[in-house]
Amino acid sequence: MSNKRKDERTGAWLVAPAMMWLALFALAPLVFLVTVSFWTATMFGLSPGFSLQSYAALAGDTIYILVLANTLKIAVITTALSLFASYPVALFLASLKGHRKTLFVILLFLPFWTSYVVRTFVWMPILGRSGLINSTLMSLGVIDSPIDGLIFNEGAVYVGLVYVYTLYMTLPIYLALDKLDPALIEASNDLGASAWQTFRRIILPLTLPAVWSGCTMVFLLCCGAFVTPRLLGGPSSQMFGNIISSQFLDAGNWPLGAALSVVLMLVVLASLYLASRRFGMQRLFMGQH
Amino acid sequence: MLGSQHKPMALWLRLYAGAFFGFLYLPIAVLVVLSFNNSAVIGFPLRGFTLGWYQQVFSDSNFFTALLKSFGVGMVSSVIATGLALMAALGLRKRFRGQQWVVPVMLMPIIIPGIVSGALLLVFFGIAGVPYGLWTGALVAHVTWVLPFAFLTLYPRLSAFDQALEEAAMDLGANPWVVFQRIVFPLIRPAVIATVLFSFTLSFDEFVRTLFVIGAERTTPVYLWVLIVEQTAPFLPAAGVIIMLISVAVAALGFWVSARSSQVTDQSASARSR
């Protein structure tokens, strides 16, 4: 009995430093941010109190709602694109064996271990006026002058977002496929099912939790995107993250920035709640066990 | 697993995978090619080979300062985050009240969008009167961001660890600290080193959170960002290649240590089953 109590004390003590760090530097600032969203910004700085001014400004100006709607649309489309791009690659990786499998998994990982900013920037000399695509098309004689429509628009944002986030989709699906019992697939084949039927009836349902987990991750990351739309998007394809950053870094209106952040957090929490209702929060982040 | 029975599908899959890996690596190839391109415009057509951009990067003292700052904050934050994560993972193997809250709290920094995390700390430090900078805001932002990943890397390793070894040592009269030092840590050391290395790469590449709280200082990603946004410098591709090489080298080291550590774990597992 006393041993159990000692165990309990050790466990709590060991967990305490990390929990205190997060309480101080994640939870407390979050509470703080919500509080500041009810303050007002004056010429002389912040004025504490309780005011709905920022939320009223947010609801009163259609630009915020339009950008939020556009951000959600971009996040949904990017998630779908990543899913369709990733699933076949996960199938491919799971079908490999031995050293080739290791090699391709490493090849998949490597780009994602490098700078997000660099990986976004790199699309500028590909899609830009003097970029790879324009210069190739011109030297082939397909076009006479560079096309401007390749960059600084929503299409370029999709390319950039899929490029930087698709691993978060590929990885969970690959891990789930890799864990599938081959006997299930053999049985399905032996019973005369076509490849498509096996996929549709066996493989897909068993990997659905992983698909869901990947979709959630990519969707959340896209909701907070800031670098990609700033570098590759045009004026009409700026996302919610860009509005938030401009309130803090350019306009200096902290209460409005805080209110916008609260809205983004609510969107994120609502989608997490919806996603975890089906599969559970831990499974969403730690794979399916 | 799949493959062999369905030849046409396997071919189709291989073609598709080729295209996908092309999509992943073409931009990197472009970056490498442009870093050697003798043209003040970052783009095509190619105008001959030069090492000039690399020379410029290496003689750019701002780049060097930023690199040093990234290394400094990366090393310190990865060690702090791994330490906190290791303690938490060890603690979670015991039963205690409130245990079910540990993982959800741990995941908070992943769930909060980067832009909001940056804003949170900007407001928090601003109102608390703590000056922004590398060793204040940025360090805190990096530890907070890296902590959940360090935890998610270490936790599975530790929860798979056989507690009978420790119990045996305890029964023989060793105190918990000796047990940790002599038995637990030697077995998990490779996993801990790999976690420090992975954490370092996460910190080294962190950008959005840092931008909000670093004040006038610059880490490498922040410096590159300023160059991209304010004055496109022709040596950007060369700087990008150097940054990528550093991240890849550290990550590769991490994978190597981690592969060795799973071998060790496998061995101890098979020793146990015998």
# chains A, B, ... in the order shown; residues from 1 in each chain; ligands from 1
>>> residues_around(residues="region 105-111 of chain A", least_positions_apart="6", cutoff="12 Å", atoms="only C-alpha atoms", output="PDB file with C-alpha atoms, in the first residue's frame")
ATOM      1  CA  SER A  86      -0.747  10.510 -50.432  1.00  0.00           C
ATOM      2  CA  VAL A  89       2.168   6.613 -52.243  1.00  0.00           C
ATOM      3  CA  ALA A  90       1.379   5.004 -48.897  1.00  0.00           C
ATOM      4  CA  PHE A  92       3.390   1.917 -52.789  1.00  0.00           C
ATOM      5  CA  LEU A  93       5.566   2.194 -49.670  1.00  0.00           C
ATOM      6  CA  ALA A  94       3.632  -0.554 -47.909  1.00  0.00           C
ATOM      7  CA  SER A  95       4.111  -2.862 -50.910  1.00  0.00           C
ATOM      8  CA  LEU A  96       7.904  -2.542 -50.710  1.00  0.00           C
ATOM      9  CA  LYS A  97      10.160  -4.830 -48.703  1.00  0.00           C
ATOM     10  CA  GLY A  98      13.533  -4.748 -46.996  1.00  0.00           C
ATOM     11  CA  HIS A  99      16.133  -2.151 -47.885  1.00  0.00           C
ATOM     12  CA  VAL A 118      13.021  27.412 -47.824  1.00  0.00           C
ATOM     13  CA  ARG A 119      10.604  24.761 -49.080  1.00  0.00           C
ATOM     14  CA  THR A 120       7.980  27.441 -49.656  1.00  0.00           C
ATOM     15  CA  TYR A 163       4.139  20.409 -50.728  1.00  0.00           C
ATOM     16  CA  VAL A 164       4.873  21.338 -47.121  1.00  0.00           C
ATOM     17  CA  TYR A 165       2.145  19.361 -45.356  1.00  0.00           C
ATOM     18  CA  THR A 166       1.480  16.174 -47.306  1.00  0.00           C
ATOM     19  CA  LEU A 167       3.778  14.056 -45.102  1.00  0.00           C
ATOM     20  CA  TYR A 168       1.307  14.469 -42.242  1.00  0.00           C
ATOM     21  CA  MET A 169      -1.145  12.589 -44.468  1.00  0.00           C
ATOM     22  CA  THR A 170       1.218  10.031 -46.022  1.00  0.00           C
ATOM     23  CA  LEU A 171       2.798   8.909 -42.772  1.00  0.00           C
ATOM     24  CA  TYR A 174       1.489   4.258 -44.537  1.00  0.00           C
ATOM     25  CA  LEU A 175       1.868   3.119 -40.918  1.00  0.00           C
ATOM     26  CA  ASP A 178       2.030  -1.493 -43.045  1.00  0.00           C
TER      27      ASP A 178
ATOM     28  CA  ALA B  17       5.139   6.994 -56.840  1.00  0.00           C
ATOM     29  CA  GLY B  18       7.770   8.133 -59.330  1.00  0.00           C
ATOM     30  CA  PHE B  20       5.162  11.892 -56.389  1.00  0.00           C
ATOM     31  CA  PHE B  21       8.828  11.655 -55.514  1.00  0.00           C
ATOM     32  CA  GLY B  22       9.523  13.884 -58.517  1.00  0.00           C
ATOM     33  CA  PHE B  23       7.161  16.450 -57.014  1.00  0.00           C
ATOM     34  CA  LEU B  24       9.034  16.180 -53.692  1.00  0.00           C
ATOM     35  CA  TYR B  25      12.531  16.466 -55.124  1.00  0.00           C
ATOM     36  CA  LEU B  26      12.209  18.630 -58.248  1.00  0.00           C
ATOM     37  CA  PRO B  27      11.973  21.869 -56.210  1.00  0.00           C
ATOM     38  CA  ILE B  28      15.032  20.863 -54.203  1.00  0.00           C
ATOM     39  CA  ALA B  29      16.929  20.095 -57.401  1.00  0.00           C
ATOM     40  CA  THR B 201      15.953  20.023 -36.228  1.00  0.00           C
ATOM     41  CA  VAL B 241      20.931  24.750 -49.693  1.00  0.00           C
ATOM     42  CA  ILE B 243      20.294  25.328 -44.278  1.00  0.00           C
ATOM     43  CA  MET B 244      18.839  22.189 -45.835  1.00  0.00           C
ATOM     44  CA  LEU B 245      22.164  20.368 -45.606  1.00  0.00           C
ATOM     45  CA  ILE B 246      22.472  21.201 -41.905  1.00  0.00           C
ATOM     46  CA  SER B 247      18.930  19.971 -41.148  1.00  0.00           C
ATOM     47  CA  VAL B 248      19.375  16.822 -43.216  1.00  0.00           C
ATOM     48  CA  ALA B 249      22.737  16.037 -41.592  1.00  0.00           C
ATOM     49  CA  VAL B 250      21.329  16.387 -38.071  1.00  0.00           C
ATOM     50  CA  ALA B 251      18.179  14.426 -38.954  1.00  0.00           C
ATOM     51  CA  ALA B 252      20.242  11.674 -40.609  1.00  0.00           C
ATOM     52  CA  GLY B 254      19.103  11.138 -35.496  1.00  0.00           C
ATOM     53  CA  PHE B 255      17.729   8.379 -37.727  1.00  0.00           C
ATOM     54  CA  TRP B 256      21.007   6.503 -37.460  1.00  0.00           C
ATOM     55  CA  ALA B 259      17.799   2.770 -35.785  1.00  0.00           C
TER      56      ALA B 259
END
>>> closest_atom_pairs(of="chain B", to="chain A", cutoff="6 Å", atoms="only C-alpha atoms", output="Markdown table")
| residue | atom | partner | partner_atom | distance |
| --- | --- | --- | --- | --- |
| B:Met1 | CA | A:Ser95 | CA | 5.0 |
| B:Leu2 | CA | A:Ser95 | CA | 5.1 |
| B:Gly3 | CA | A:Ser95 | CA | 5.3 |
| B:Leu13 | CA | A:Phe92 | CA | 5.9 |
| B:Ala17 | CA | A:Val89 | CA | 5.5 |
| B:Gly43 | CA | A:Pro125 | CA | 5.1 |
| B:Phe44 | CA | A:Ser130 | CA | 5.5 |
| B:Leu84 | CA | A:Ala18 | CA | 5.1 |
| B:Met87 | CA | A:Leu14 | CA | 5.1 |
| B:Ala88 | CA | A:Val15 | CA | 4.1 |
| B:Gly91 | CA | A:Gly11 | CA | 4.0 |
| B:Lys94 | CA | A:Gly11 | CA | 5.2 |
| B:Arg95 | CA | A:Glu8 | CA | 5.7 |
| B:Phe96 | CA | A:Glu8 | CA | 4.5 |
| B:Pro113 | CA | A:Gly224 | CA | 5.1 |
| B:Val116 | CA | A:Ser261 | CA | 5.8 |
| B:Leu120 | CA | A:Pro29 | CA | 5.4 |
| B:Phe124 | CA | A:Pro29 | CA | 5.5 |
| B:Asp205 | CA | A:Ser115 | CA | 4.9 |
| B:Gly240 | CA | A:Val118 | CA | 5.8 |
| B:Met244 | CA | A:Thr114 | CA | 5.1 |
| B:Ser247 | CA | A:Thr114 | CA | 5.5 |
>>> select_by_dssp(residues="region 4-71 of chain A", states="strand (DSSP E)", output="PyMOL selection string")
chain A and resi 40-42+45-47
>>> residues_around(residues="Val213 (chain B)", least_positions_apart="6", cutoff="6 Å", atoms="only C-alpha atoms", output="JSON, numbers by chain")
{"B": [122, 132, 137, 138]}
>>> atom_distance(atom1="CA of Trp225 (chain B)", atom2="CA of Ser39 (chain B)")
21.0 Å
>>> atom_distance(atom1="CA of Leu134 (chain B)", atom2="CA of Glu217 (chain B)")
6.6 Å
>>> select_by_dssp(residues="region 23-70 of chain A", states="helix (DSSP H, G or I)", output="JSON, numbers by chain")
{"A": [23, 24, 25, 26, 27, 28, 29, 30, 31, 32, 33, 34, 35, 36, 53, 54, 55, 56, 57, 58, 59, 60, 62, 63, 64, 65, 66, 67, 68, 69, 70]}
>>> residues_around(residues="Asn38 (chain B)", least_positions_apart="6", cutoff="9 Å", atoms="only C-alpha atoms", output="VMD selection string")
chain B and resid 46 to 53
>>> residues_around(residues="Ser77 (chain B)", least_positions_apart="5", cutoff="7 Å", atoms="only C-alpha atoms", output="list in words")
Leu139, His142 and Val143 of chain B
>>> write_last_selection(atoms="N, CA and C atoms", output="short mmCIF file (atom, residue, chain, number, x, y, z; two decimals), in the first residue's frame")
data_model
loop_
_atom_site.label_atom_id
_atom_site.label_comp_id
_atom_site.auth_asym_id
_atom_site.auth_seq_id
_atom_site.Cartn_x
_atom_site.Cartn_y
_atom_site.Cartn_z
N LEU B 139 13.42 31.24 -27.00
CA LEU B 139 13.75 30.00 -26.29
C LEU B 139 12.48 29.34 -25.74
N HIS B 142 10.42 27.87 -28.52
CA HIS B 142 11.00 26.65 -29.08
C HIS B 142 10.80 25.45 -28.16
N VAL B 143 11.06 25.64 -26.85
CA VAL B 143 10.88 24.52 -25.92
C VAL B 143 9.43 24.06 -25.95
#
